Structure formats: structure tokens, C-alpha cells
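Student: Sharing input37.cif (mmCIF, C-alpha atoms) below.
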```cif
data_query
loop_
_atom_site.label_atom_id
_atom_site.label_comp_id
_atom_site.auth_asym_id
_atom_site.auth_seq_id
_atom_site.Cartn_x
_atom_site.Cartn_y
_atom_site.Cartn_z
CA MET G 1 -142.33 -28.29 8.93
CA SER G 2 -142.02 -31.76 10.45
CA LYS G 3 -143.88 -33.35 7.50
CA PHE G 4 -141.97 -31.41 4.86
CA ASP G 5 -140.05 -33.71 2.49
CA PRO G 6 -136.92 -31.96 1.16
CA TYR G 7 -136.39 -34.68 -1.46
CA SER G 8 -139.83 -34.14 -2.97
CA HIS G 9 -139.21 -30.37 -2.91
CA LEU G 10 -136.38 -30.87 -5.41
CA ASN G 11 -137.98 -33.85 -7.22
CA LEU G 12 -135.27 -36.19 -5.94
CA VAL G 13 -135.65 -39.89 -5.20
CA GLN G 14 -133.51 -41.69 -2.61
CA ASN G 15 -132.15 -45.02 -3.81
CA PRO G 16 -131.39 -48.03 -1.58
CA ASP G 17 -127.65 -47.81 -2.36
CA GLY G 18 -127.42 -44.27 -1.00
CA SER G 19 -127.42 -42.53 -4.38
CA ILE G 20 -130.21 -40.25 -5.58
CA THR G 21 -132.17 -40.07 -8.81
CA ARG G 22 -132.27 -36.50 -10.09
CA PRO G 23 -134.86 -34.85 -12.34
CA LEU G 24 -133.93 -34.30 -15.95
CA LEU G 25 -133.07 -30.60 -16.19
CA PRO G 26 -132.46 -28.63 -19.40
CA THR G 27 -128.88 -28.69 -20.70
CA LEU G 28 -127.21 -26.95 -23.63
CA PRO G 29 -124.49 -28.34 -25.89
CA ALA G 30 -121.14 -26.69 -26.41
CA ASN G 31 -120.89 -24.57 -29.54
CA PRO G 32 -117.41 -24.92 -31.07
CA ASN G 33 -118.58 -23.64 -34.48
CA PRO G 34 -120.73 -20.56 -33.84
CA GLN G 35 -122.78 -18.83 -36.47
CA PRO G 36 -121.64 -15.38 -37.67
CA GLY G 37 -122.38 -12.73 -35.08
CA GLU G 38 -122.37 -15.07 -32.08
CA PRO G 39 -120.12 -13.52 -29.39
CA VAL G 40 -118.80 -16.68 -27.71
CA VAL G 41 -117.47 -20.06 -28.78
CA SER G 42 -117.39 -23.09 -26.43
CA LYS G 43 -116.18 -26.69 -26.31
CA ASP G 44 -115.92 -29.61 -23.88
CA ILE G 45 -112.67 -31.17 -22.66
CA THR G 46 -112.16 -34.34 -20.60
CA LEU G 47 -110.51 -33.52 -17.27
CA ASN G 48 -110.15 -36.83 -15.42
CA THR G 49 -111.26 -40.15 -16.87
CA ASN G 50 -111.13 -41.86 -13.46
CA THR G 51 -113.51 -39.42 -11.80
CA LYS G 52 -115.45 -38.75 -15.02
CA THR G 53 -115.03 -34.99 -14.66
CA TRP G 54 -114.87 -32.61 -17.59
CA LEU G 55 -114.54 -28.95 -18.48
CA ARG G 56 -116.48 -26.59 -20.69
CA LEU G 57 -114.28 -23.86 -22.15
CA TYR G 58 -115.52 -20.51 -23.45
CA ARG G 59 -113.76 -17.73 -25.30
CA PRO G 60 -114.93 -14.60 -27.11
CA THR G 61 -115.14 -15.07 -30.87
CA LYS G 62 -113.56 -11.64 -31.32
CA LEU G 63 -110.32 -11.48 -29.39
CA PRO G 64 -109.07 -8.03 -28.36
CA SER G 65 -105.77 -6.98 -29.96
CA ASN G 66 -103.07 -4.35 -29.53
CA ASP G 67 -100.70 -3.53 -32.41
CA ASN G 68 -102.09 -6.58 -34.25
CA LYS G 69 -101.14 -8.86 -31.35
CA VAL G 70 -103.83 -10.75 -29.42
CA VAL G 71 -104.23 -9.36 -25.90
CA ARG G 72 -104.18 -12.16 -23.35
CA LEU G 73 -107.39 -12.45 -21.35
CA PRO G 74 -107.92 -13.28 -17.68
CA ILE G 75 -108.77 -16.92 -17.01
CA VAL G 76 -111.88 -17.51 -14.91
CA ILE G 77 -112.40 -20.95 -13.37
CA TYR G 78 -116.18 -21.14 -12.96
CA VAL G 79 -117.83 -23.43 -10.38
CA HIS G 80 -121.59 -23.77 -10.83
CA HIS G 81 -124.32 -23.78 -8.19
CA GLY G 82 -126.80 -26.58 -7.44
CA GLY G 83 -126.54 -27.27 -3.71
CA TRP G 84 -123.90 -29.96 -4.26
CA ILE G 85 -126.49 -32.41 -5.57
CA ILE G 86 -127.94 -31.16 -8.88
CA LEU G 87 -126.95 -29.33 -12.07
CA SER G 88 -123.83 -29.59 -14.20
CA ALA G 89 -121.49 -27.47 -16.31
CA ASP G 90 -123.85 -27.88 -19.28
CA ALA G 91 -126.95 -26.86 -17.31
CA MET G 92 -128.75 -23.97 -18.95
CA SER G 93 -127.92 -21.48 -16.17
CA ALA G 94 -124.24 -22.52 -15.97
CA HIS G 95 -123.85 -22.38 -19.75
CA GLN G 96 -125.41 -18.93 -19.97
CA THR G 97 -123.17 -17.69 -17.15
CA GLY G 98 -120.08 -18.98 -18.93
CA LYS G 99 -121.07 -17.21 -22.13
CA GLN G 100 -121.87 -13.96 -20.36
CA ILE G 101 -118.58 -13.80 -18.45
CA ALA G 102 -116.55 -14.70 -21.53
CA SER G 103 -118.24 -11.97 -23.56
CA GLU G 104 -118.65 -9.18 -21.02
CA ILE G 105 -115.35 -9.18 -19.15
CA PRO G 106 -113.97 -10.56 -21.63
CA ALA G 107 -112.20 -13.70 -20.39
CA ILE G 108 -111.31 -17.30 -21.05
CA ILE G 109 -113.71 -19.41 -18.99
CA VAL G 110 -112.94 -22.88 -17.66
CA SER G 111 -116.22 -24.23 -16.24
CA VAL G 112 -115.76 -27.33 -14.09
CA ASN G 113 -118.18 -30.25 -14.16
CA TYR G 114 -117.34 -31.54 -10.69
CA ARG G 115 -118.71 -34.66 -9.03
CA LEU G 116 -122.06 -34.42 -7.24
CA ALA G 117 -123.16 -35.59 -3.80
CA PRO G 118 -124.08 -37.96 -2.29
CA GLU G 119 -122.28 -40.27 -4.72
CA SER G 120 -119.17 -38.17 -4.02
CA ARG G 121 -118.70 -36.27 -0.78
CA LEU G 122 -116.44 -33.44 0.27
CA PRO G 123 -113.57 -32.91 -0.26
CA ASP G 124 -114.02 -34.60 -3.69
CA GLN G 125 -115.56 -31.45 -5.15
CA TYR G 126 -112.60 -29.36 -3.97
CA ASP G 127 -110.23 -31.90 -5.50
CA ASP G 128 -112.01 -31.70 -8.85
CA VAL G 129 -111.45 -27.94 -9.06
CA VAL G 130 -107.82 -28.38 -8.02
CA ASP G 131 -107.54 -30.87 -10.91
CA ALA G 132 -108.87 -28.14 -13.23
CA ILE G 133 -106.26 -25.67 -11.97
CA TYR G 134 -103.47 -28.18 -12.58
CA TRP G 135 -104.91 -28.82 -16.04
CA ILE G 136 -104.66 -25.10 -16.83
CA LYS G 137 -101.06 -25.07 -15.59
CA GLN G 138 -100.26 -28.03 -17.84
CA GLN G 139 -101.48 -26.10 -20.88
CA THR G 140 -98.95 -23.36 -20.14
CA LEU G 141 -96.09 -25.86 -20.26
CA ASP G 142 -97.21 -28.04 -23.17
CA PRO G 143 -96.35 -26.77 -26.69
CA ASN G 144 -99.34 -28.80 -27.87
CA GLY G 145 -101.61 -27.65 -25.06
CA GLU G 146 -105.18 -26.42 -25.48
CA GLN G 147 -104.86 -23.35 -27.72
CA TRP G 148 -107.65 -21.30 -26.19
CA VAL G 149 -105.90 -21.42 -22.81
CA ARG G 150 -102.27 -21.57 -23.94
CA ASP G 151 -102.36 -18.79 -26.54
CA TYR G 152 -105.13 -16.50 -25.30
CA GLY G 153 -105.12 -16.83 -21.50
CA ASP G 154 -103.17 -14.65 -19.06
CA PHE G 155 -101.75 -17.09 -16.53
CA SER G 156 -100.89 -14.32 -14.10
CA ARG G 157 -104.59 -13.40 -13.86
CA CYS G 158 -106.49 -16.54 -12.92
CA TYR G 159 -109.67 -16.17 -10.88
CA ILE G 160 -111.89 -18.75 -9.21
CA TYR G 161 -115.57 -17.80 -9.43
CA GLY G 162 -118.23 -19.85 -7.67
CA ARG G 163 -121.95 -19.35 -7.12
CA GLY G 164 -123.82 -20.95 -4.20
CA CYS G 165 -122.06 -24.18 -3.28
CA GLY G 166 -119.57 -23.20 -5.98
CA GLY G 167 -118.71 -20.19 -3.82
CA ASN G 168 -117.90 -22.55 -0.96
CA ILE G 169 -115.70 -24.58 -3.32
CA ALA G 170 -113.98 -21.43 -4.58
CA PHE G 171 -113.12 -20.45 -0.99
CA PHE G 172 -111.63 -23.76 0.06
CA VAL G 173 -109.72 -24.21 -3.19
CA GLY G 174 -108.48 -20.64 -2.81
CA LEU G 175 -107.24 -21.53 0.67
CA LYS G 176 -105.34 -24.49 -0.74
CA ALA G 177 -103.87 -22.67 -3.76
CA PRO G 178 -100.82 -21.13 -1.98
CA GLN G 179 -99.72 -24.64 -0.99
CA LEU G 180 -99.81 -25.90 -4.59
CA SER G 181 -96.98 -25.69 -7.11
CA LEU G 182 -98.74 -23.63 -9.77
CA GLU G 183 -96.04 -21.49 -11.41
CA PRO G 184 -96.39 -19.81 -13.87
CA LEU G 185 -100.08 -19.81 -12.90
CA LYS G 186 -101.23 -17.26 -10.32
CA ILE G 187 -104.59 -17.17 -8.55
CA ALA G 188 -105.25 -13.43 -8.58
CA GLY G 189 -108.64 -13.45 -6.87
CA ILE G 190 -111.63 -15.38 -5.56
CA VAL G 191 -115.24 -14.48 -6.42
CA MET G 192 -117.95 -15.90 -4.14
CA ASN G 193 -121.48 -15.14 -5.32
CA GLN G 194 -123.99 -16.04 -2.58
CA PRO G 195 -121.60 -18.65 -1.13
CA MET G 196 -123.13 -21.62 0.68
CA PHE G 197 -122.26 -21.98 4.35
CA GLY G 198 -124.10 -23.53 7.29
CA GLY G 199 -123.83 -24.51 10.93
CA VAL G 200 -125.61 -26.17 13.82
CA GLN G 201 -126.82 -23.01 15.56
CA ARG G 202 -129.53 -21.30 13.50
CA THR G 203 -128.93 -17.72 12.46
CA ARG G 204 -131.57 -15.00 12.47
CA SER G 205 -131.83 -15.05 8.68
CA GLU G 206 -132.25 -18.83 8.64
CA LEU G 207 -135.08 -18.59 11.19
CA ARG G 208 -136.66 -15.62 9.42
CA LEU G 209 -136.56 -17.47 6.08
CA ALA G 210 -137.12 -21.00 7.40
CA THR G 211 -139.88 -21.56 4.85
CA ASP G 212 -138.06 -19.89 1.95
CA GLU G 213 -139.60 -20.92 -1.37
CA LEU G 214 -136.29 -22.07 -2.88
CA LEU G 215 -134.16 -23.09 0.11
CA PRO G 216 -136.26 -23.86 3.19
CA LEU G 217 -134.21 -25.06 6.14
CA PRO G 218 -134.96 -28.79 5.66
CA VAL G 219 -133.56 -28.54 2.11
CA LEU G 220 -130.38 -26.82 3.28
CA ASP G 221 -129.96 -29.42 6.02
CA MET G 222 -130.48 -32.24 3.50
CA MET G 223 -127.85 -30.79 1.16
CA TRP G 224 -125.27 -30.67 3.94
CA GLU G 225 -126.20 -34.17 5.12
CA LEU G 226 -125.58 -35.49 1.61
CA VAL G 227 -122.26 -33.74 0.92
CA LEU G 228 -120.39 -33.64 4.23
CA PRO G 229 -118.14 -36.61 5.04
CA LYS G 230 -120.15 -39.31 6.81
CA GLY G 231 -120.22 -38.84 10.56
CA VAL G 232 -119.43 -35.13 10.33
CA GLY G 233 -121.81 -32.42 11.57
CA ARG G 234 -122.64 -28.97 10.24
CA ASN G 235 -120.01 -27.24 12.36
CA HIS G 236 -117.27 -28.92 10.35
CA ARG G 237 -115.11 -26.31 8.58
CA TYR G 238 -116.39 -27.38 5.15
CA CYS G 239 -119.84 -26.17 6.20
CA ASN G 240 -119.01 -23.60 8.89
CA PRO G 241 -115.57 -22.03 8.28
CA MET G 242 -116.27 -19.47 11.00
CA GLU G 243 -115.65 -22.22 13.57
CA ASP G 244 -112.08 -22.60 14.80
CA GLY G 245 -109.97 -25.10 12.87
CA PRO G 246 -106.69 -25.62 11.01
CA HIS G 247 -108.05 -23.71 7.99
CA LYS G 248 -107.88 -20.43 9.88
CA ASP G 249 -104.07 -20.56 9.86
CA GLN G 250 -104.26 -20.42 6.05
CA LEU G 251 -106.58 -17.42 5.76
CA ARG G 252 -103.83 -14.81 5.52
CA GLY G 253 -102.64 -16.47 2.32
CA LEU G 254 -106.04 -16.15 0.61
CA SER G 255 -106.10 -14.07 -2.56
CA ARG G 256 -108.14 -10.87 -2.66
CA SER G 257 -111.78 -11.80 -2.54
CA LEU G 258 -115.19 -10.61 -3.69
CA VAL G 259 -118.31 -11.68 -1.78
CA ILE G 260 -121.84 -10.99 -3.07
CA GLY G 261 -125.08 -11.61 -1.19
CA PHE G 262 -128.78 -10.70 -0.92
CA GLY G 263 -130.91 -9.88 2.10
CA ASP G 264 -133.55 -12.55 1.58
CA ASP G 265 -131.09 -15.41 1.18
CA PRO G 266 -131.39 -17.66 4.27
CA MET G 267 -127.57 -17.77 4.34
CA ILE G 268 -127.04 -13.98 4.32
CA ASP G 269 -126.09 -13.79 8.02
CA ARG G 270 -123.45 -16.47 7.53
CA GLN G 271 -122.10 -14.72 4.44
CA GLN G 272 -121.75 -11.47 6.38
CA GLU G 273 -120.04 -13.24 9.30
CA PHE G 274 -117.76 -14.89 6.76
CA VAL G 275 -116.70 -11.46 5.44
CA LYS G 276 -116.01 -10.27 9.00
CA MET G 277 -113.80 -13.32 9.54
CA LEU G 278 -111.84 -12.64 6.35
CA LEU G 279 -111.32 -8.99 7.24
CA ALA G 280 -110.19 -9.88 10.77
CA CYS G 281 -107.56 -12.17 9.26
CA GLY G 282 -106.21 -9.47 6.95
CA VAL G 283 -107.77 -10.70 3.69
CA LYS G 284 -108.48 -7.98 1.12
CA VAL G 285 -112.24 -8.23 0.62
CA ASP G 286 -114.79 -6.44 -1.53
CA ALA G 287 -118.28 -7.13 -0.13
CA HIS G 288 -121.47 -6.30 -2.00
CA PHE G 289 -124.63 -7.03 0.02
CA ASP G 290 -128.00 -5.89 -1.28
CA ASP G 291 -130.91 -5.80 1.18
CA VAL G 292 -133.33 -6.58 -1.66
CA GLY G 293 -133.11 -9.94 -3.39
CA PHE G 294 -133.24 -13.69 -2.77
CA HIS G 295 -130.87 -16.60 -3.38
CA ASN G 296 -130.23 -17.07 -7.11
CA ILE G 297 -132.08 -13.86 -8.02
CA ASP G 298 -129.42 -13.29 -10.66
CA VAL G 299 -130.49 -16.52 -12.38
CA VAL G 300 -134.01 -15.20 -13.02
CA ASP G 301 -133.63 -11.40 -13.09
CA PRO G 302 -131.60 -10.07 -16.04
CA ARG G 303 -131.05 -6.74 -14.29
CA ARG G 304 -129.37 -8.47 -11.35
CA THR G 305 -127.39 -10.62 -13.76
CA ALA G 306 -126.06 -7.48 -15.43
CA ALA G 307 -125.37 -5.79 -12.07
CA ILE G 308 -123.37 -8.75 -10.77
CA LEU G 309 -121.44 -9.05 -14.03
CA SER G 310 -120.53 -5.39 -13.69
CA ILE G 311 -119.29 -5.94 -10.11
CA ILE G 312 -117.23 -8.97 -11.15
CA LYS G 313 -115.80 -7.17 -14.17
CA GLU G 314 -114.66 -4.26 -11.99
CA PHE G 315 -113.06 -6.72 -9.56
CA ILE G 316 -111.19 -8.57 -12.32
CA ILE G 317 -110.28 -5.73 -14.64
#
```
As a first step, turn the structure in this file into C-alpha cells.

Tutor:
Amino acid sequence: MSKFDPYSHLNLVQNPDGSITRPLLPTLPANPNPQPGEPVVSKDITLNTNTKTWLRLYRPTKLPSNDNKVVRLPIVIYVHHGGWIILSADAMSAHQTGKQIASEIPAIIVSVNYRLAPESRLPDQYDDVVDAIYWIKQQTLDPNGEQWVRDYGDFSRCYIYGRGCGGNIAFFVGLKAPQLSLEPLKIAGIVMNQPMFGGVQRTRSELRLATDELLPLPVLDMMWELVLPKGVGRNHRYCNPMEDGPHKDQLRGLSRSLVIGFGDDPMIDRQQEFVKMLLACGVKVDAHFDDVGFHNIDVVDPRRTAAILSIIKEFII
């Protein structure tokens, strides 16, 4: 694979200033005024003007009620996939996921459009999701706060849900959450769907799937090279949390967690070792590993999408 070009594989172009030019991928607009019969309404909110981050909110059009009072819904902070370097909160797959979770659980969804690498490197992406959590807290305290969150969200049932690199972000933000002043907000759980981890020493699954159609090893290595702080290797805790480091002292404070993975994901061995680490540190973990399936299978297979939604719903409800 010495001649394999990971940039061409993803249709990326390296620029002289260190940035990359990304392909134009399909996006979908928010839908604040849905047509009759549409199950979900959505809108965009500015998060941080300095970092140019924003949120896409989703809520069911029909809100559940009890004795004519609206039942408050869990709040799910969604962190999209994309290997740190592509996609956005308005990408087709992220938008569809937000709609599905809002409708099926049901829940209030706060989807974070975080900064991408290499223009921004870790821990910037973690900080962007922390900004989103603080924004949600602010809505609880502001009489003029965002109505969808303030009036319909249950602040005692906030979940962080990330897919792929978003699963990595969900983990590290979840680790940080107990150190933040979030009251009355409570992070009730962390959902990590095919979370992205790496390391210097190759695992069996990485070697077995070195030429994976979606994520061959050179592509995974490139993604880590572009997002890790400069001068840092793949055994840094951001990439390989199974290595010893100060983060391990914080593991016992992690909220109950759900980890989902598939047998033909090059990162499956790391995901399973990650679960073992959490269990050894006393974290309450639900692990769902399916021998059949590849990374992002739930993006292209509606049956897997439905199965994962069912697993997440059971974890949240």
C-alpha cells in the first residue's frame, strides 16, 4: 500500500497553508416550518461566533402529553461522524440521524457543528461540544431561552451521542462533564456508536482489514495525523485512551455508557479493549458488538439503522 494516497481516497486536496480542500457533499437545510404530517421540525442556532460553530435543533412535531401537560423529553447532544475532517451537522446522514432520533425515541436533539481538522486540532472539537452543553444549561436559566430546549427538554436526562469520531468526542466530553458546573443539567449517559480510537501498535482487526474499502489503514493514519496536536503520536490519550494517562483517574466518574461496534470495522479490537477498560474501572457499560457488519453500516442499511435506534432507545428510555 506504499503508493496508496489517502487524500485521493477521500477526494481531498492538501493546500500549502496546511488546510485541506474538501469535496462538496450533499447537505440538507433545517425545516422550521414542516408540512402537515412531517414528524420532526428543525432549526439552526449560532453557538459561538468566534469559532463559527453552530447547532441544529430537532424536536418532534407532536409532543407527548400527560393530563394535557407536555411531557418533557430527554435531550440528546449528537456529534456526527466524518473522521474529524469531513461532514457537518447539515450533512445528509447527520440530518437524517437527528430526525430519526427525535422522532423514534422521542427526544430533543442538539446536533453540534464542531470545527474540523486540520484547520482545528484536538482538543478544539471537545471544547465545541462542551460549549454546546453550556449553551443548553444557559437555556434552563434564561426566561427568554430557546423554547424547544427550555420548555420541552428534561435537563435531568441529557445524553451525549457520537458516531465514529463523534463517539471519541462523546467519551472525552463525558470524562470532563463531572468537573463542569452544569446544574441543573445532568449528563445521564454516553452513547458511542463505532467510536474512533487508534494507536501505534497495530491490532489484529486493523491488520485483517488493512485494505478496508472505507477506512484502509493509511486513511485512518492520515485522519489521526491531521487531528492530533502537532508533535503528538497515536498513543496519545486522545487517540489511544487505553494507554496510561491522567484521564484514567477520571474514568470512575463517567456516566453509564453504551458502546456499539461491528466485526468488520478495522477499529473493532480497540472498541472491545475500550469496553474492557471501562468495566475494569467500574463504569456501567452496555456493549453491543455484532460480528457481521462494517464501519458505518447503519448509514447505508436501513435495517441496521432501525436496530441501532432500538438499542439507543432502550438505553435512554

Student: For Trp135 in chain G, which residue among G:Gln201, G:Ala107, G:Leu55, G:Tyr78 is the nearest when counting all atoms listed in the file?

Tutor: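 Using all atoms listed in the file, Trp135 in chain G sits closest to G:Leu55.
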
Student: Might you pull out every residue within 7 Å of Lys186 in chain G, with only C-alpha atoms counted and same-chain residues fewer than 2 positions away left off, and present them as a PDB file with C-alpha atoms, in the coordinates of the input?

Tutor:
```pdb
ATOM      1  CA  PHE G 155    -101.750 -17.090 -16.530  1.00  0.00           C
ATOM      2  CA  SER G 156    -100.890 -14.320 -14.100  1.00  0.00           C
ATOM      3  CA  ARG G 157    -104.590 -13.400 -13.860  1.00  0.00           C
ATOM      4  CA  CYS G 158    -106.490 -16.540 -12.920  1.00  0.00           C
ATOM      5  CA  LEU G 182     -98.740 -23.630  -9.770  1.00  0.00           C
ATOM      6  CA  GLU G 183     -96.040 -21.490 -11.410  1.00  0.00           C
ATOM      7  CA  PRO G 184     -96.390 -19.810 -13.870  1.00  0.00           C
ATOM      8  CA  ALA G 188    -105.250 -13.430  -8.580  1.00  0.00           C
TER       9      ALA G 188
END
```

Student: Just the number, please: distance in Å from CA of Arg56 in chain G to CA of Ser111 in chain G, one decimal.

Tutor: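 Pair CA of Arg56 in chain G / CA of Ser111 in chain G returns 5.0 Å.
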
Student: If we count all atoms listed in the file and set the cut-off at 8 Å, which residues sit around Asp154 in chain G, ignoring sequence neighbours fewer than 4 positions away in its own chain? Please answer as a CSV table (one decimal) with C-alpha atoms, in the frame of the given file.

Tutor:
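Result went into selection23.csv, see below:
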```csv
chain,number,residue,atom,x,y,z
G,72,ARG,CA,-104.2,-12.2,-23.4
G,73,LEU,CA,-107.4,-12.4,-21.4
G,74,PRO,CA,-107.9,-13.3,-17.7
G,75,ILE,CA,-108.8,-16.9,-17.0
G,158,CYS,CA,-106.5,-16.5,-12.9
```

Student: What is the CA of Trp148 in chain G-CA of Pro29 in chain G distance in Å, reported with one decimal?

Tutor: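 Interatomic distance, CA of Trp148 in chain G to CA of Pro29 in chain G: 18.3 Å.
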
Student: Just to confirm, what's the straight-line distance from CA of Leu180 in chain G to CA of Asp90 in chain G in Å (one decimal)?

Tutor: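 Result for CA of Leu180 in chain G versus CA of Asp90 in chain G: 28.2 Å, one decimal.
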
Student: With only C-alpha atoms as the basis for distance, which of G:Arg121, G:Lys69, G:Lys176, G:Arg204 is at the shortest distance from Lys248 in chain G?

Tutor: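 Using only C-alpha atoms, the shortest distance to Lys248 in chain G belongs to G:Lys176.
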
Student: Run the PyMOL selection byres ((chain G and resi 86) around 10) against the file shown and list the residues it catches, as a ChimeraX atom specification.

Tutor: /G:10,12,20-25,80-85,87-88,91,115-117

Student: Export C-alpha atoms of the chosen residues as an mmCIF file, in the coordinates of the input?

Tutor:
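As written to disk, part_34.cif reads:
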```cif
data_model
loop_
_atom_site.group_PDB
_atom_site.id
_atom_site.type_symbol
_atom_site.label_atom_id
_atom_site.label_comp_id
_atom_site.auth_asym_id
_atom_site.auth_seq_id
_atom_site.Cartn_x
_atom_site.Cartn_y
_atom_site.Cartn_z
ATOM 1 C CA LEU G 10 -136.380 -30.870 -5.410
ATOM 2 C CA LEU G 12 -135.270 -36.190 -5.940
ATOM 3 C CA ILE G 20 -130.210 -40.250 -5.580
ATOM 4 C CA THR G 21 -132.170 -40.070 -8.810
ATOM 5 C CA ARG G 22 -132.270 -36.500 -10.090
ATOM 6 C CA PRO G 23 -134.860 -34.850 -12.340
ATOM 7 C CA LEU G 24 -133.930 -34.300 -15.950
ATOM 8 C CA LEU G 25 -133.070 -30.600 -16.190
ATOM 9 C CA HIS G 80 -121.590 -23.770 -10.830
ATOM 10 C CA HIS G 81 -124.320 -23.780 -8.190
ATOM 11 C CA GLY G 82 -126.800 -26.580 -7.440
ATOM 12 C CA GLY G 83 -126.540 -27.270 -3.710
ATOM 13 C CA TRP G 84 -123.900 -29.960 -4.260
ATOM 14 C CA ILE G 85 -126.490 -32.410 -5.570
ATOM 15 C CA LEU G 87 -126.950 -29.330 -12.070
ATOM 16 C CA SER G 88 -123.830 -29.590 -14.200
ATOM 17 C CA ALA G 91 -126.950 -26.860 -17.310
ATOM 18 C CA ARG G 115 -118.710 -34.660 -9.030
ATOM 19 C CA LEU G 116 -122.060 -34.420 -7.240
ATOM 20 C CA ALA G 117 -123.160 -35.590 -3.800
#
```

Student: What does the PyMOL selection byres ((chain G and resi 227) around 12) select in this file, as a PyMOL selection string?

Tutor: chain G and resi 18-19+82-86+115-126+165+220-226+228-234+236+238-239

Student: Which residues come within 9 Å of range 280-288 of chain G, counting all atoms listed in the file, excluding same-chain residues fewer than 3 positions away, as a ChimeraX atom specification?

Tutor: /G:248,251-262,272,275-277,311,315

Student: So, counting all atoms listed in the file, which residue among G:Arg163, G:Lys99, G:Arg150, G:Lys137 is closest to Asn193 in chain G?

Tutor: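 Checking each of G:Arg163, G:Lys99, G:Arg150, G:Lys137 against Asn193 in chain G, counting all atoms listed in the file, the winner is G:Arg163.
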
Student: Is it possible to produce a file of range 183-190 of chain G from this structure, with all heavy atoms, as a PDB file, in the first residue's frame?

Tutor:
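Everything below was put into out21.pdb:
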```pdb
ATOM      1  N   GLU G 183     -25.250  22.211  36.837  1.00  0.00           N
ATOM      2  CA  GLU G 183     -26.580  22.209  37.449  1.00  0.00           C
ATOM      3  C   GLU G 183     -27.455  23.316  36.867  1.00  0.00           C
ATOM      4  O   GLU G 183     -26.975  24.431  36.669  1.00  0.00           O
ATOM      5  CB  GLU G 183     -26.456  22.391  38.960  1.00  0.00           C
ATOM      6  CG  GLU G 183     -25.758  21.252  39.688  1.00  0.00           C
ATOM      7  CD  GLU G 183     -24.245  21.316  39.559  1.00  0.00           C
ATOM      8  OE1 GLU G 183     -23.737  22.341  39.033  1.00  0.00           O
ATOM      9  OE2 GLU G 183     -23.577  20.360  39.948  1.00  0.00           O
ATOM     10  N   PRO G 184     -28.729  23.035  36.546  1.00  0.00           N
ATOM     11  CA  PRO G 184     -29.495  21.813  36.835  1.00  0.00           C
ATOM     12  C   PRO G 184     -29.350  20.709  35.785  1.00  0.00           C
ATOM     13  O   PRO G 184     -30.085  19.731  35.822  1.00  0.00           O
ATOM     14  CB  PRO G 184     -30.933  22.318  36.883  1.00  0.00           C
ATOM     15  CG  PRO G 184     -30.947  23.412  35.853  1.00  0.00           C
ATOM     16  CD  PRO G 184     -29.599  24.083  35.955  1.00  0.00           C
ATOM     17  N   LEU G 185     -28.407  20.882  34.855  1.00  0.00           N
ATOM     18  CA  LEU G 185     -28.205  19.895  33.799  1.00  0.00           C
ATOM     19  C   LEU G 185     -27.510  18.652  34.359  1.00  0.00           C
ATOM     20  O   LEU G 185     -26.626  18.768  35.210  1.00  0.00           O
ATOM     21  CB  LEU G 185     -27.326  20.512  32.709  1.00  0.00           C
ATOM     22  CG  LEU G 185     -27.462  20.017  31.279  1.00  0.00           C
ATOM     23  CD1 LEU G 185     -28.798  20.410  30.708  1.00  0.00           C
ATOM     24  CD2 LEU G 185     -26.340  20.606  30.431  1.00  0.00           C
ATOM     25  N   LYS G 186     -27.890  17.482  33.885  1.00  0.00           N
ATOM     26  CA  LYS G 186     -27.236  16.252  34.282  1.00  0.00           C
ATOM     27  C   LYS G 186     -26.976  15.385  33.065  1.00  0.00           C
ATOM     28  O   LYS G 186     -27.886  15.122  32.280  1.00  0.00           O
ATOM     29  CB  LYS G 186     -28.097  15.463  35.282  1.00  0.00           C
ATOM     30  CG  LYS G 186     -27.443  14.157  35.722  1.00  0.00           C
ATOM     31  CD  LYS G 186     -28.326  13.367  36.677  1.00  0.00           C
ATOM     32  CE  LYS G 186     -27.668  12.044  37.067  1.00  0.00           C
ATOM     33  NZ  LYS G 186     -28.539  11.237  37.962  1.00  0.00           N
ATOM     34  N   ILE G 187     -25.709  14.970  32.895  1.00  0.00           N
ATOM     35  CA  ILE G 187     -25.368  14.035  31.820  1.00  0.00           C
ATOM     36  C   ILE G 187     -25.691  12.628  32.316  1.00  0.00           C
ATOM     37  O   ILE G 187     -25.007  12.071  33.177  1.00  0.00           O
ATOM     38  CB  ILE G 187     -23.883  14.147  31.431  1.00  0.00           C
ATOM     39  CG1 ILE G 187     -23.537  15.594  31.025  1.00  0.00           C
ATOM     40  CG2 ILE G 187     -23.567  13.167  30.300  1.00  0.00           C
ATOM     41  CD1 ILE G 187     -24.309  16.116  29.834  1.00  0.00           C
ATOM     42  N   ALA G 188     -26.777  12.067  31.781  1.00  0.00           N
ATOM     43  CA  ALA G 188     -27.285  10.786  32.273  1.00  0.00           C
ATOM     44  C   ALA G 188     -26.647   9.595  31.577  1.00  0.00           C
ATOM     45  O   ALA G 188     -26.751   8.471  32.071  1.00  0.00           O
ATOM     46  CB  ALA G 188     -28.801  10.734  32.100  1.00  0.00           C
ATOM     47  N   GLY G 189     -26.001   9.803  30.440  1.00  0.00           N
ATOM     48  CA  GLY G 189     -25.404   8.679  29.736  1.00  0.00           C
ATOM     49  C   GLY G 189     -24.626   9.111  28.504  1.00  0.00           C
ATOM     50  O   GLY G 189     -24.812  10.224  27.993  1.00  0.00           O
ATOM     51  N   ILE G 190     -23.738   8.213  28.064  1.00  0.00           N
ATOM     52  CA  ILE G 190     -22.901   8.447  26.893  1.00  0.00           C
ATOM     53  C   ILE G 190     -23.151   7.307  25.906  1.00  0.00           C
ATOM     54  O   ILE G 190     -23.080   6.130  26.276  1.00  0.00           O
ATOM     55  CB  ILE G 190     -21.395   8.461  27.255  1.00  0.00           C
ATOM     56  CG1 ILE G 190     -21.116   9.342  28.478  1.00  0.00           C
ATOM     57  CG2 ILE G 190     -20.563   8.900  26.058  1.00  0.00           C
ATOM     58  CD1 ILE G 190     -21.356  10.801  28.273  1.00  0.00           C
TER      59      ILE G 190
END
```
